[in-house]
Structures are given as C-alpha cells and as structure tokens.
>>> print(open('upload11.csv').read())   # CSV, C-alpha atoms
chain,number,residue,atom,x,y,z
A,1,MET,CA,0.0,0.0,0.0
A,2,LEU,CA,1.6,3.2,-1.2
A,3,GLU,CA,0.8,6.6,0.4
A,4,VAL,CA,0.6,10.0,-1.3
A,5,PRO,CA,4.0,11.7,-1.0
A,6,VAL,CA,4.1,14.7,1.4
A,7,ARG,CA,6.7,17.2,2.4
A,8,PRO,CA,8.3,15.2,5.2
A,9,HIS,CA,8.8,18.1,7.6
A,10,THR,CA,5.2,19.2,7.5
A,11,GLY,CA,4.4,16.6,10.3
A,12,LEU,CA,6.9,17.8,12.8
A,13,ARG,CA,4.7,20.2,14.7
A,14,PRO,CA,1.8,17.7,15.1
A,15,TYR,CA,4.3,15.0,15.9
A,16,LEU,CA,5.7,17.1,18.8
A,17,ALA,CA,2.2,17.7,20.1
A,18,THR,CA,1.6,14.0,19.9
A,19,ALA,CA,4.8,13.2,21.7
A,20,PHE,CA,4.2,15.8,24.4
A,21,LEU,CA,0.7,14.5,25.2
A,22,ALA,CA,1.7,10.9,25.2
A,23,ARG,CA,4.8,11.4,27.4
A,24,LEU,CA,2.9,13.8,29.7
A,25,ALA,CA,0.5,10.9,30.4
A,26,GLU,CA,3.4,8.4,30.9
A,27,GLU,CA,5.5,10.7,33.1
A,28,GLY,CA,2.5,11.8,35.2
A,29,MET,CA,1.5,8.2,36.1
A,30,ALA,CA,4.6,7.8,38.2
A,31,VAL,CA,3.2,10.4,40.6
A,32,ALA,CA,-0.5,10.1,40.1
A,33,VAL,CA,-1.0,6.4,40.8
A,34,VAL,CA,0.8,6.6,44.1
A,35,MET,CA,-1.2,9.7,45.2
A,36,LEU,CA,-4.4,8.0,44.1
A,37,ALA,CA,-3.7,4.9,46.2
A,38,LEU,CA,-2.7,6.9,49.2
A,39,HIS,CA,-5.9,9.0,48.9
A,40,ARG,CA,-8.2,6.0,48.7
A,41,THR,CA,-6.5,3.5,51.0
A,42,GLY,CA,-4.4,5.6,53.4
A,43,SER,CA,-1.3,3.8,52.3
A,44,ALA,CA,1.1,4.4,49.4
A,45,ALA,CA,2.0,0.7,49.3
A,46,GLN,CA,-0.7,-0.3,46.8
A,47,GLY,CA,0.4,2.6,44.6
A,48,ALA,CA,4.0,1.4,44.6
A,49,PHE,CA,2.8,-2.1,43.6
A,50,VAL,CA,0.7,-0.7,40.8
A,51,LEU,CA,3.5,1.5,39.5
A,52,THR,CA,5.8,-1.5,39.5
A,53,ALA,CA,3.2,-3.4,37.5
A,54,TRP,CA,2.9,-0.4,35.1
A,55,MET,CA,6.7,-0.2,34.5
A,56,ALA,CA,7.6,-3.8,34.5
A,57,PRO,CA,6.2,-4.7,31.0
A,58,HIS,CA,8.2,-1.9,29.3
A,59,VAL,CA,11.4,-3.9,28.7
A,60,LEU,CA,9.5,-7.0,27.7
A,61,ALA,CA,7.1,-5.2,25.5
A,62,ALA,CA,9.7,-3.0,23.8
A,63,PRO,CA,10.9,-5.4,21.1
A,64,LEU,CA,7.4,-6.5,20.3
A,65,THR,CA,6.2,-2.9,20.1
A,66,GLY,CA,8.9,-2.1,17.7
A,67,ALA,CA,8.4,-5.1,15.5
A,68,LEU,CA,4.6,-4.5,15.3
A,69,ALA,CA,5.3,-0.8,14.4
A,70,GLU,CA,7.6,-1.9,11.6
A,71,ARG,CA,5.1,-4.5,10.3
A,72,ALA,CA,2.0,-2.3,10.5
A,73,ARG,CA,0.5,-1.8,7.0
A,74,ASP,CA,-1.3,1.3,8.3
A,75,PRO,CA,0.9,3.2,10.8
A,76,ARG,CA,-2.0,5.6,11.7
A,77,LEU,CA,-4.2,2.6,12.9
A,78,PHE,CA,-1.3,1.1,14.8
A,79,TYR,CA,-0.5,4.3,16.8
A,80,LEU,CA,-4.1,5.1,17.2
A,81,CYS,CA,-4.7,1.7,18.8
A,82,ALA,CA,-1.5,1.7,20.9
A,83,LEU,CA,-1.9,5.1,22.3
A,84,GLY,CA,-5.6,4.4,22.8
A,85,GLY,CA,-4.7,1.4,24.8
A,86,LEU,CA,-2.5,3.6,26.9
A,87,ALA,CA,-5.4,5.9,27.5
A,88,ALA,CA,-7.7,3.0,28.3
A,89,GLY,CA,-5.3,1.6,30.8
A,90,ILE,CA,-4.9,4.9,32.6
A,91,SER,CA,-8.7,5.4,32.7
A,92,ALA,CA,-9.2,1.9,34.1
A,93,LEU,CA,-6.7,2.5,36.9
A,94,ALA,CA,-8.4,5.8,37.7
A,95,VAL,CA,-11.6,3.8,38.5
A,96,MET,CA,-10.1,0.6,40.0
A,97,THR,CA,-7.1,1.7,42.1
A,98,GLY,CA,-7.9,1.3,45.8
A,99,ARG,CA,-11.4,-0.2,45.0
A,100,ALA,CA,-10.9,-3.4,43.0
A,101,PRO,CA,-9.0,-6.4,44.2
A,102,LEU,CA,-5.3,-5.7,44.0
A,103,PRO,CA,-4.5,-8.7,41.6
A,104,VAL,CA,-7.0,-7.3,39.1
A,105,VAL,CA,-5.6,-3.8,39.4
A,106,LEU,CA,-2.1,-5.1,38.8
A,107,ALA,CA,-3.2,-7.0,35.7
A,108,VAL,CA,-4.8,-3.9,34.3
A,109,ALA,CA,-1.7,-1.9,35.1
A,110,ALA,CA,0.5,-4.5,33.3
A,111,LEU,CA,-1.7,-4.4,30.2
A,112,GLY,CA,-1.7,-0.6,30.1
A,113,GLY,CA,2.0,-0.3,30.8
A,114,GLY,CA,2.7,-2.7,27.9
A,115,CYS,CA,1.7,0.2,25.7
A,116,GLY,CA,4.2,2.5,27.4
A,117,PRO,CA,7.1,1.9,24.9
A,118,VAL,CA,5.0,3.4,22.2
A,119,ALA,CA,5.0,6.8,24.0
A,120,THR,CA,8.8,6.7,24.3
A,121,GLY,CA,11.0,5.0,21.7
A,122,GLY,CA,8.0,4.0,19.5
A,123,LEU,CA,7.2,7.7,18.8
A,124,SER,CA,10.8,8.8,18.5
A,125,ALA,CA,11.2,6.3,15.7
A,126,LEU,CA,8.6,8.2,13.7
A,127,VAL,CA,10.8,11.3,13.3
A,128,ALA,CA,12.7,9.6,10.4
A,129,ARG,CA,9.4,9.1,8.6
A,130,LEU,CA,8.4,12.8,9.0
A,131,VAL,CA,11.7,14.8,8.5
A,132,PRO,CA,14.3,14.4,5.8
A,133,GLU,CA,17.8,13.3,6.8
A,134,GLY,CA,20.3,16.1,7.6
A,135,ALA,CA,20.4,19.2,9.7
A,136,GLU,CA,16.6,19.4,9.8
A,137,ARG,CA,16.3,15.9,11.2
A,138,ASP,CA,19.0,16.6,13.8
A,139,ARG,CA,17.0,19.7,14.9
A,140,ALA,CA,13.9,17.5,15.0
A,141,TYR,CA,15.5,15.0,17.4
A,142,ALA,CA,16.7,17.8,19.6
A,143,LEU,CA,13.1,19.1,19.8
A,144,ASP,CA,11.9,15.5,20.4
A,145,ALA,CA,14.4,15.2,23.3
A,146,ALA,CA,13.0,18.5,24.6
A,147,THR,CA,9.5,17.0,24.9
A,148,TYR,CA,10.9,14.4,27.4
A,149,ASN,CA,12.5,17.1,29.5
A,150,ALA,CA,9.4,19.3,29.3
A,151,VAL,CA,7.1,16.5,30.5
A,152,SER,CA,9.5,15.6,33.3
A,153,VAL,CA,8.6,19.1,34.7
A,154,ALA,CA,5.0,19.4,33.6
A,155,GLY,CA,3.8,15.9,34.4
A,156,PRO,CA,4.4,15.9,38.2
A,157,ALA,CA,3.5,19.6,38.4
A,158,LEU,CA,0.2,19.1,36.7
A,159,VAL,CA,-0.7,16.0,38.8
A,160,SER,CA,0.3,17.7,42.0
A,161,THR,CA,-1.7,20.8,41.2
A,162,VAL,CA,-4.9,19.1,40.2
A,163,ALA,CA,-4.6,16.7,43.2
A,164,ALA,CA,-4.2,19.6,45.5
A,165,LEU,CA,-7.1,21.6,44.1
A,166,VAL,CA,-9.6,18.7,43.6
A,167,SER,CA,-8.3,15.1,44.3
A,168,PRO,CA,-5.9,12.6,42.7
A,169,ALA,CA,-8.6,10.9,40.7
A,170,PRO,CA,-9.3,13.8,38.3
A,171,ALA,CA,-5.6,14.1,37.8
A,172,VAL,CA,-5.4,10.5,36.6
A,173,VAL,CA,-8.4,11.1,34.3
A,174,LEU,CA,-6.6,14.2,32.9
A,175,LEU,CA,-3.6,12.0,32.1
A,176,ALA,CA,-5.9,9.5,30.3
A,177,ALA,CA,-7.3,12.5,28.3
A,178,SER,CA,-3.8,13.5,27.4
A,179,ALA,CA,-3.0,10.0,26.1
A,180,ALA,CA,-6.3,10.0,24.1
A,181,GLY,CA,-5.4,13.3,22.6
A,182,ALA,CA,-2.0,11.8,21.6
A,183,ALA,CA,-3.9,8.9,19.9
A,184,ALA,CA,-6.1,11.4,18.0
A,185,THR,CA,-3.2,13.5,16.7
A,186,ALA,CA,-1.0,10.5,15.9
A,187,ALA,CA,-3.8,9.3,13.5
A,188,THR,CA,-3.3,12.6,11.5
A,189,LEU,CA,0.4,12.5,11.0
A,190,PRO,CA,1.7,12.4,7.3
A,191,TYR,CA,3.6,9.1,7.6
A,192,ARG,CA,6.0,8.0,4.9
A,193,ARG,CA,6.4,4.3,4.4
A,194,THR,CA,9.7,2.6,5.0
A,195,ASP,CA,10.5,-0.8,3.5
A,196,GLU,CA,13.3,-3.2,3.1
A,197,GLY,CA,14.0,-1.9,-0.4
A,198,ALA,CA,14.2,1.7,0.7
A,199,ASP,CA,17.3,3.4,2.0
A,200,GLY,CA,16.1,3.3,5.6
A,201,ASN,CA,15.0,6.9,5.5
A,202,GLY,CA,11.7,6.4,3.6
A,203,ASN,CA,13.3,7.0,0.2
A,204,GLY,CA,13.5,4.7,-2.7
A,205,ALA,CA,11.2,2.0,-4.0
A,206,ALA,CA,9.9,-0.7,-1.7
A,207,ALA,CA,11.1,-4.2,-2.2
A,208,PRO,CA,8.2,-6.5,-3.0
A,209,GLY,CA,7.3,-9.3,-0.7
A,210,PRO,CA,10.1,-10.3,1.7
A,211,LYS,CA,9.1,-8.1,4.6
A,212,SER,CA,5.5,-9.3,4.6
A,213,ARG,CA,6.7,-12.9,4.7
A,214,THR,CA,9.1,-12.4,7.6
A,215,ALA,CA,8.0,-14.1,10.7
A,216,LEU,CA,7.4,-11.9,13.8
A,217,ARG,CA,9.9,-14.0,15.7
A,218,ALA,CA,12.6,-13.2,13.1
A,219,ASP,CA,11.7,-9.5,13.3
A,220,LEU,CA,12.2,-9.5,17.1
A,221,GLY,CA,15.6,-11.2,16.7
A,222,ALA,CA,16.5,-8.7,14.0
A,223,GLY,CA,16.0,-5.7,16.3
A,224,LEU,CA,18.1,-7.2,19.1
A,225,ALA,CA,20.8,-8.3,16.6
A,226,ALA,CA,21.0,-4.7,15.2
A,227,VAL,CA,21.5,-3.3,18.7
A,228,TRP,CA,24.3,-5.8,19.4
A,229,HIS,CA,26.1,-6.0,16.0
A,230,VAL,CA,26.0,-2.3,14.9
A,231,ARG,CA,28.8,-0.8,17.0
A,232,GLU,CA,27.4,2.7,17.2
A,233,LEU,CA,24.1,1.3,18.5
A,234,ARG,CA,25.8,-1.0,20.9
A,235,ALA,CA,28.0,1.8,22.2
A,236,VAL,CA,25.2,4.2,22.8
A,237,THR,CA,22.9,1.6,24.3
A,238,ALA,CA,25.5,0.3,26.7
A,239,ALA,CA,26.6,3.8,27.8
A,240,THR,CA,23.1,5.2,28.3
A,241,SER,CA,21.9,2.0,30.1
A,242,LEU,CA,24.9,2.3,32.5
A,243,ALA,CA,24.2,6.0,33.0
A,244,PHE,CA,20.6,5.3,33.8
A,245,VAL,CA,21.5,3.0,36.6
A,246,GLY,CA,22.6,6.3,38.2
A,247,VAL,CA,19.8,8.4,36.9
A,248,GLY,CA,17.3,5.9,38.4
A,249,GLY,CA,18.6,6.6,41.9
A,250,LEU,CA,18.8,10.3,41.5
A,251,THR,CA,15.3,11.1,42.8
A,252,THR,CA,15.7,9.2,46.0
A,253,THR,CA,19.2,10.7,46.4
A,254,ALA,CA,17.9,14.2,45.8
A,255,VAL,CA,15.3,13.8,48.5
A,256,LEU,CA,17.9,12.6,51.0
A,257,LEU,CA,20.3,15.3,50.0
A,258,ALA,CA,17.7,18.0,50.6
A,259,GLY,CA,16.8,16.5,53.9
A,260,ASP,CA,20.5,16.5,54.9
A,261,ARG,CA,20.5,20.2,54.3
A,262,GLY,CA,17.5,20.7,56.5
A,263,ARG,CA,15.1,21.0,53.5
A,264,PRO,CA,13.2,17.7,53.7
A,265,ASP,CA,10.4,18.9,51.4
A,266,ALA,CA,12.8,20.3,48.7
A,267,GLY,CA,14.0,17.2,47.0
A,268,GLY,CA,11.6,18.1,44.1
A,269,VAL,CA,13.4,21.4,43.8
A,270,LEU,CA,16.7,19.6,42.8
A,271,MET,CA,14.9,17.4,40.3
A,272,THR,CA,13.1,20.3,38.8
A,273,ALA,CA,16.3,22.2,38.4
A,274,LEU,CA,17.8,19.1,36.6
A,275,ALA,CA,14.8,18.9,34.3
A,276,LEU,CA,14.8,22.6,33.5
A,277,GLY,CA,18.5,22.4,32.7
A,278,ALA,CA,17.9,19.4,30.5
A,279,LEU,CA,15.1,21.3,28.7
A,280,ALA,CA,17.4,24.3,28.1
A,281,GLY,CA,20.2,22.0,26.9
A,282,SER,CA,17.9,20.3,24.4
A,283,LEU,CA,16.6,23.6,23.0
A,284,ALA,CA,20.2,24.9,22.8
A,285,VAL,CA,21.1,21.9,20.6
A,286,ALA,CA,18.1,22.5,18.4
A,287,ARG,CA,19.1,26.1,17.9
A,288,TRP,CA,22.9,26.1,17.8
A,289,LEU,CA,24.5,22.6,17.9
A,290,ARG,CA,22.3,20.5,15.7
A,291,SER,CA,25.1,19.7,13.3
A,292,PHE,CA,27.6,18.7,16.0
A,293,PRO,CA,28.5,15.0,15.6
A,294,ALA,CA,26.2,12.9,17.8
A,295,ARG,CA,28.9,10.3,18.5
A,296,ARG,CA,31.1,13.0,20.0
A,297,LEU,CA,28.3,14.7,21.9
A,298,VAL,CA,27.5,11.5,23.9
A,299,PRO,CA,30.8,11.1,25.9
A,300,PHE,CA,31.0,14.9,26.2
A,301,CYS,CA,27.5,15.2,27.8
A,302,LEU,CA,28.0,12.1,30.0
A,303,THR,CA,31.3,13.6,31.3
A,304,GLY,CA,29.7,17.1,31.9
A,305,ALA,CA,26.7,15.5,33.7
A,306,GLY,CA,29.0,13.5,35.9
A,307,LEU,CA,31.2,16.4,36.8
A,308,GLY,CA,28.2,18.6,37.6
A,309,LEU,CA,26.7,16.0,39.9
A,310,ALA,CA,30.1,15.4,41.6
A,311,ALA,CA,30.4,19.1,42.2
A,312,ALA,CA,26.9,19.1,43.7
A,313,ALA,CA,27.9,16.4,46.1
A,314,ALA,CA,30.7,18.7,47.4
A,315,ALA,CA,28.7,22.0,47.2
A,316,PRO,CA,28.6,24.0,50.5
A,317,SER,CA,24.9,25.1,50.3
A,318,PHE,CA,21.6,23.9,49.0
A,319,ALA,CA,21.4,26.8,46.6
A,320,ALA,CA,24.7,25.8,45.1
A,321,GLN,CA,23.6,22.2,44.8
A,322,THR,CA,20.4,23.4,43.0
A,323,ALA,CA,22.5,25.4,40.5
A,324,LEU,CA,24.8,22.4,39.9
A,325,PHE,CA,21.9,20.1,39.4
A,326,ALA,CA,20.7,22.5,36.7
A,327,VAL,CA,24.2,22.5,35.1
A,328,ALA,CA,24.2,18.7,35.1
A,329,GLY,CA,20.8,18.9,33.4
A,330,VAL,CA,22.1,21.1,30.7
A,331,PHE,CA,24.3,18.1,29.6
A,332,GLU,CA,21.5,15.6,30.0
A,333,GLY,CA,19.3,17.2,27.4
A,334,PRO,CA,21.7,17.1,24.5
A,335,LEU,CA,22.7,13.5,25.5
A,336,LEU,CA,19.1,12.4,24.7
A,337,SER,CA,19.0,14.2,21.4
A,338,ALA,CA,22.4,12.7,20.4
A,339,THR,CA,21.1,9.2,21.4
A,340,LEU,CA,18.0,9.6,19.2
A,341,ARG,CA,20.1,10.8,16.3
A,342,ILE,CA,22.5,7.8,16.5
A,343,ARG,CA,19.6,5.3,16.6
A,344,ALA,CA,18.0,6.9,13.6
A,345,ASP,CA,21.2,7.2,11.6
A,346,HIS,CA,22.6,3.7,12.3
A,347,SER,CA,19.5,1.5,12.5
A,348,PRO,CA,19.3,-1.0,9.6
A,349,PRO,CA,16.2,-0.6,7.3
A,350,GLY,CA,13.1,-2.3,8.7
A,351,VAL,CA,14.2,-2.3,12.4
A,352,ARG,CA,14.4,1.3,13.4
A,353,ALA,CA,11.3,1.2,15.6
A,354,GLN,CA,12.6,-1.8,17.4
A,355,VAL,CA,16.0,-0.2,18.0
A,356,PHE,CA,14.2,2.8,19.6
A,357,THR,CA,11.9,0.8,21.7
A,358,ILE,CA,14.6,-1.7,22.9
A,359,GLY,CA,16.9,1.2,23.8
A,360,ALA,CA,14.1,2.9,25.8
A,361,GLY,CA,13.1,-0.3,27.5
A,362,LEU,CA,16.7,-1.1,28.6
A,363,LYS,CA,17.1,2.4,30.0
A,364,ILE,CA,13.8,2.1,32.0
A,365,SER,CA,15.0,-1.3,33.4
A,366,ALA,CA,18.4,0.2,34.3
A,367,ALA,CA,16.7,3.1,36.1
A,368,ALA,CA,14.6,0.6,38.1
A,369,CYS,CA,17.8,-1.1,39.2
A,370,GLY,CA,19.3,2.2,40.1
A,371,SER,CA,16.2,3.1,42.2
A,372,ALA,CA,16.6,-0.1,44.1
A,373,LEU,CA,20.3,0.5,44.7
A,374,ALA,CA,19.5,4.0,46.0
A,375,GLY,CA,17.0,2.6,48.4
A,376,ALA,CA,19.6,0.2,49.7
A,377,ALA,CA,22.1,3.0,50.1
A,378,ALA,CA,19.6,5.3,51.9
A,379,GLY,CA,21.4,4.9,55.2
A,380,LEU,CA,24.6,6.4,53.9
A,381,PRO,CA,25.5,10.1,53.9
A,382,PRO,CA,23.6,11.3,50.8
A,383,HIS,CA,26.7,12.9,49.2
A,384,LEU,CA,28.2,9.4,48.8
A,385,PRO,CA,25.4,7.9,46.6
A,386,LEU,CA,25.5,11.1,44.6
A,387,LEU,CA,29.2,10.7,44.0
A,388,GLY,CA,28.4,7.1,42.9
A,389,ILE,CA,25.8,8.4,40.5
A,390,ALA,CA,28.3,10.9,39.1
A,391,ALA,CA,30.9,8.1,38.8
A,392,LEU,CA,28.4,6.0,36.7
A,393,GLN,CA,28.0,8.9,34.3
A,394,LEU,CA,31.8,9.2,33.9
A,395,ALA,CA,32.1,5.4,33.5
A,396,ALA,CA,29.4,5.5,30.9
A,397,ALA,CA,31.4,8.0,28.9
A,398,GLY,CA,34.4,5.7,29.0
A,399,VAL,CA,32.2,2.8,27.9
A,400,HIS,CA,31.0,4.7,24.9
A,401,LEU,CA,34.6,5.7,23.9
A,402,LEU,CA,35.7,2.1,24.2
A,403,VAL,CA,32.9,0.4,22.3
A,404,ARG,CA,32.1,2.8,19.5
A,405,PRO,CA,34.0,2.4,16.2
A,406,ARG,CA,37.4,4.2,16.0
A,407,SER,CA,36.5,6.0,12.7
A,408,LEU,CA,33.3,7.8,11.9
A,409,PRO,CA,31.1,5.4,9.9
A,410,VAL,CA,29.0,6.6,7.0
A,411,PRO,CA,25.3,5.8,7.6
A,412,SER,CA,23.9,3.5,5.0
>>> encode(input="upload11.csv", output="structure tokens")
Amino acid sequence: MLEVPVRPHTGLRPYLATAFLARLAEEGMAVAVVMLALHRTGSAAQGAFVLTAWMAPHVLAAPLTGALAERARDPRLFYLCALGGLAAGISALAVMTGRAPLPVVLAVAALGGGCGPVATGGLSALVARLVPEGAERDRAYALDAATYNAVSVAGPALVSTVAALVSPAPAVVLLAASAAGAAATAATLPYRRTDEGADGNGNGAAAPGPKSRTALRADLGAGLAAVWHVRELRAVTAATSLAFVGVGGLTTTAVLLAGDRGRPDAGGVLMTALALGALAGSLAVARWLRSFPARRLVPFCLTGAGLGLAAAAAAPSFAAQTALFAVAGVFEGPLLSATLRIRADHSPPGVRAQVFTIGAGLKISAAACGSALAGAAAGLPPHLPLLGIAALQLAAAGVHLLVRPRSLPVPS
C-alpha cells in the first residue's frame, strides 16, 4: 500500500504535540497512581505495587512494540490503537485503584503499561518518517528530546496541582485524556512508508514481498541483533543504560540530599532544576548545535553531567547544589537528542522502531535497578550515593569511547 508523498517536515509540529501529550501521560503516572492509592487506601504501598506493574512490562514489550510498528500496514491505525490502549489503561486505573482487588488492578496496570514503549521509543522512531535526513532531522531530534524534558517538569507539576485543588482521581483522568489526545493527533500524521528496499529513511522503492513474509519472531531477533552488532548502536545503548542506573537513583538521592540540608520537602526542587537544565540543553542543541556529531556529543555530555553531579555532592549550600543540578541537566538534554540521532542514523532498514523501543526499555529497566540501589544505600550520607551516580556517568562516557568504532562510519 503506497501513500501519497508529502513534504516530510510538515508533520513535525503535530508530531511534537503527539509526543508531548503521550509522554505527559506516561510521566505523570509515576506520581498520580501513588497519590491516588494513598488518597483511597491511606497507604502508598498499593500505589507502589501498581506503579511497578505499570513499568515492568516496558522492557519485555519494547521489542514486540517495535516489531509491530515496523510491520504495520497502516501506521495511523497502529499508533491510534497503541496510544488508545495507553489511555484506556490509565482510565481503568483511575476507576479501579484502591477499589478493585489488587491482583485485578495489577493485571490492568501491566496491560496498560505494555503500551508505554509506544510513548517513548516508538514515537521517536517516527521522526525519520516525517523529517528528511540532515540538519533538519538533527533539529527535530533535539526538539523531540525537549519533549521528554518538558514533561518531566510538567507531568508531576500538573498532577500535584490538580490533586491539591480537587483530588488525585481527576488528575489521573486528565492523564488519560492526554493519552487519548495523543492517539487522535497520531492518526493525522503524514507518515511516509519505510520498507526493506528503501534506503532506511523512507526514500527509494519498496522491495516486494520479503518483509511481509518475515515471521514476527525473526523480526524480534533482527531488532536485538541490530542493537548488538552495529557498534554505534551497541556503544550508545551500553553507555546510556549504565548511565541510567545512576539516573534511576537520582530522585531518592535528591530527597535525601535536601533532607540532609534541612530541607526535607525540597527534593523536588533539585529534580526540577535538573529537568529545567535538560530542557534548556535540548533547546540549545536544536538552535545552535544540531550539526555537532552525535557520537562526540554522547561522551562529552556524560562527562559534563558526571562532573556537575560530583560538584553538587561537594557544594557548600543547598542553593549551590540546586544550581549544579541545573548544570548537570544542561548536559542531560543534549545526551538524549544525540542518542536519538544515533539510533536513527545507524538502524538498519526495517528495524528502526525496534531499536528505539529496545533502547528505551533497557534504560527504564536500568533506572529501576538504580532506584533499588539508591533505596539500599539510603542509610549512607547522601553525598556518597550522589558521588556514585556521578561516577556512573563518567564510566558510561568511558564505555562509549571504548565500544564505538574508532573511525566515523558513513550511515547506510
């Protein structure tokens, strides 16, 4: 099925709206479901269990999500259904959390969370279908990265505000509406088809037949093989996964750090500073550094983030720590845009969506491990875990330099 050619970049603005709405729902759930459980049951324990069930399927669903996205004959229908499933899962949890039996709520959360990879890597894979290769696509990925940073600020803030003014349940319903809005806008995007016979950027003629005859199991293996065998992909996946072991523990560490400074309620201030810095960094890349080689940006940003966090651990005041968290965030934003560019440029034809979703799933799993490690280290002076997180960023920079090819490859 061929589609009418369109100007590729005409879909960027509606895409960014779609990505923002979908990621706002996904990001807000981390706060909303815990607040809802606490409001209805008097305990946050059920919320923690539900959130775990929501996040757990991400890494398992990621390869399948990517394979289905690549095989979809009608991308509009696929993204409409996937994001609609995300909205339905959130809506069901708004009704059932704290009221229905916990096993039922957990099953619903797992089903809804299985659609989560579409909101992250699955959507980022679409940029190559909407924007032509070159500086314009580099700018698009920087703006795409900015949506992640924007929702990391807006999601918790929106949920907290609505919950304070009304109650947590309307906040969860609002997140469901955001996901539904993303489904609606995704159905209007001017997709270009990508096929095995194309150049991987949506150009060229489609090769007849072989893709449609490929078994889904082979497709799943092809995505994992690409991440492992393409050295640029392996390098950025290994480095960012290691870095996210640290990032996953950053929220807990920030809360402990603020408490150690006599500001027990100000942990969110540090994370907001980090997110605002990341947003500024992403926008700076989109405006001034979009042509800077992504493979060089990755270790540079990991090193900058690590040094910023290490300095925050030794800062003499809470205000200085807040400023240094913002500095670390300035490096985090470009790191994400560089990661997205590398995945787009080096993914073999036919598996781009899988590469994006697998990478996102591994980072979420790494962050979950980091969160557990931060909990185990909660009894230590908080500057020590923060130094450990900083060391992981620096180690990740070293991993990227060691694993990536020595010479700059030419994307196929």
>>> closest_atom_pairs(input="upload11.csv", of="range 53-89 of chain A", to="range 362-384 of chain A", cutoff="12 Å", atoms="all atoms listed in the file", output="CSV")
residue,atom,partner,partner_atom,distance
A:Trp54,CA,A:Ile364,CA,11.6
A:Met55,CA,A:Ile364,CA,7.9
A:Ala56,CA,A:Ser365,CA,7.9
A:Pro57,CA,A:Ser365,CA,9.7
A:His58,CA,A:Ile364,CA,7.4
A:Val59,CA,A:Leu362,CA,6.0
A:Leu60,CA,A:Leu362,CA,9.4
A:Ala61,CA,A:Leu362,CA,10.9
A:Ala62,CA,A:Leu362,CA,8.7
A:Pro63,CA,A:Leu362,CA,10.4
>>> residues_around(input="upload11.csv", residues="Ala32 in chain A", least_positions_apart="3", cutoff="8 Å", atoms="only C-alpha atoms", output="mmCIF file with C-alpha atoms, in the coordinates of the input")
data_model
loop_
_atom_site.group_PDB
_atom_site.id
_atom_site.type_symbol
_atom_site.label_atom_id
_atom_site.label_comp_id
_atom_site.auth_asym_id
_atom_site.auth_seq_id
_atom_site.Cartn_x
_atom_site.Cartn_y
_atom_site.Cartn_z
ATOM 1 C CA GLY A 28 2.500 11.800 35.200
ATOM 2 C CA MET A 29 1.500 8.200 36.100
ATOM 3 C CA MET A 35 -1.200 9.700 45.200
ATOM 4 C CA LEU A 36 -4.400 8.000 44.100
ATOM 5 C CA PRO A 156 4.400 15.900 38.200
ATOM 6 C CA VAL A 159 -0.700 16.000 38.800
ATOM 7 C CA SER A 160 0.300 17.700 42.000
ATOM 8 C CA PRO A 168 -5.900 12.600 42.700
ATOM 9 C CA ALA A 171 -5.600 14.100 37.800
ATOM 10 C CA VAL A 172 -5.400 10.500 36.600
#
>>> atom_distance(input="upload11.csv", atom1="CA of Leu80 in chain A", atom2="CA of Ala184 in chain A")
6.7 Å
>>> atom_distance(input="upload11.csv", atom1="CA of Ala180 in chain A", atom2="CA of Ala110 in chain A")
18.5 Å
>>> residues_around(input="upload11.csv", residues="Ala19 in chain A", least_positions_apart="2", cutoff="9 Å", atoms="all atoms listed in the file", output="tab-separated table (two decimals) with C-alpha atoms, in the frame of the given file")
chain	number	residue	atom	x	y	z
A	14	PRO	CA	1.80	17.70	15.10
A	15	TYR	CA	4.30	15.00	15.90
A	16	LEU	CA	5.70	17.10	18.80
A	17	ALA	CA	2.20	17.70	20.10
A	21	LEU	CA	0.70	14.50	25.20
A	22	ALA	CA	1.70	10.90	25.20
A	23	ARG	CA	4.80	11.40	27.40
A	24	LEU	CA	2.90	13.80	29.70
A	119	ALA	CA	5.00	6.80	24.00
A	120	THR	CA	8.80	6.70	24.30
A	123	LEU	CA	7.20	7.70	18.80
A	124	SER	CA	10.80	8.80	18.50
A	144	ASP	CA	11.90	15.50	20.40
A	147	THR	CA	9.50	17.00	24.90
A	148	TYR	CA	10.90	14.40	27.40
A	182	ALA	CA	-2.00	11.80	21.60
A	186	ALA	CA	-1.00	10.50	15.90
>>> closest_residue(input="upload11.csv", among="A:Val399, A:Ala353, A:Ala313, A:Ala239", to="Leu68 in chain A", atoms="all atoms listed in the file")
A:Ala353
>>> residues_near_point(input="upload11.csv", point="(19.2, 10.5, 24.8)", cutoff="12 Å", atoms="only C-alpha atoms", output="number ranges by chain")
A: 120-121, 124, 141-149, 236-237, 239-241, 243-244, 278, 281-282, 294-295, 297-299, 301-302, 331-344, 356, 359-360, 363
>>> atom_distance(input="upload11.csv", atom1="CA of Pro117 in chain A", atom2="CA of Val227 in chain A")
16.5 Å
>>> closest_residue(input="upload11.csv", among="A:Leu77, A:Ala284, A:Val255, A:Val31", to="Val162 in chain A", atoms="only C-alpha atoms")
A:Val31
>>> residues_around(input="upload11.csv", residues="Ala390 in chain A", least_positions_apart="4", cutoff="7 Å", atoms="all atoms listed in the file", output="MDAnalysis selection string")
chainID A and resid 306:307 309:310 386 394
>>> closest_residue(input="upload11.csv", among="A:Leu392, A:Val403, A:Leu83, A:Ala235", to="Val247 in chain A", atoms="only C-alpha atoms")
A:Leu392
>>> residues_around(input="upload11.csv", residues="Gly262 in chain A", least_positions_apart="5", cutoff="10 Å", atoms="all atoms listed in the file", output="list in words")
Leu256, Leu257 and Phe318 of chain A
>>> residues_around(input="upload11.csv", residues="Gly11 in chain A", least_positions_apart="3", cutoff="9 Å", atoms="only C-alpha atoms", output="list in words")
Arg7, Pro8, Pro14, Tyr15, Leu16, Val127, Leu130, Val131, Thr188, Leu189, Pro190 and Tyr191 of chain A
>>> closest_residue(input="upload11.csv", among="A:Glu133, A:Val173, A:Gly329, A:Ala266", to="Leu158 in chain A", atoms="only C-alpha atoms")
A:Val173
>>> decode(input="upload11.csv", residues="range 110-116 of chain A", atoms="N, CA, C and O atoms", output="compact mmCIF listing (two decimals), in the first residue's frame")
# COMPACT_ATOMS: atom_id res chain seq x y z
N ALA A 110 -0.45 -3.81 34.22
CA ALA A 110 0.53 -4.46 33.34
C ALA A 110 0.12 -4.34 31.88
O ALA A 110 0.95 -4.09 31.00
N LEU A 111 -1.18 -4.50 31.61
CA LEU A 111 -1.66 -4.38 30.23
C LEU A 111 -1.50 -2.94 29.72
O LEU A 111 -1.04 -2.72 28.59
N GLY A 112 -1.88 -1.98 30.54
CA GLY A 112 -1.72 -0.59 30.13
C GLY A 112 -0.27 -0.20 29.98
O GLY A 112 0.11 0.49 29.03
N GLY A 113 0.57 -0.66 30.92
CA GLY A 113 1.99 -0.35 30.85
C GLY A 113 2.66 -0.96 29.64
O GLY A 113 3.68 -0.44 29.16
N GLY A 114 2.11 -2.05 29.12
CA GLY A 114 2.66 -2.66 27.92
C GLY A 114 2.61 -1.74 26.71
O GLY A 114 3.35 -1.93 25.75
N CYS A 115 1.74 -0.74 26.76
CA CYS A 115 1.67 0.25 25.67
C CYS A 115 2.66 1.39 25.88
O CYS A 115 2.81 2.25 25.00
N GLY A 116 3.32 1.42 27.04
CA GLY A 116 4.22 2.51 27.36
C GLY A 116 5.36 2.73 26.37
O GLY A 116 5.69 3.88 26.06
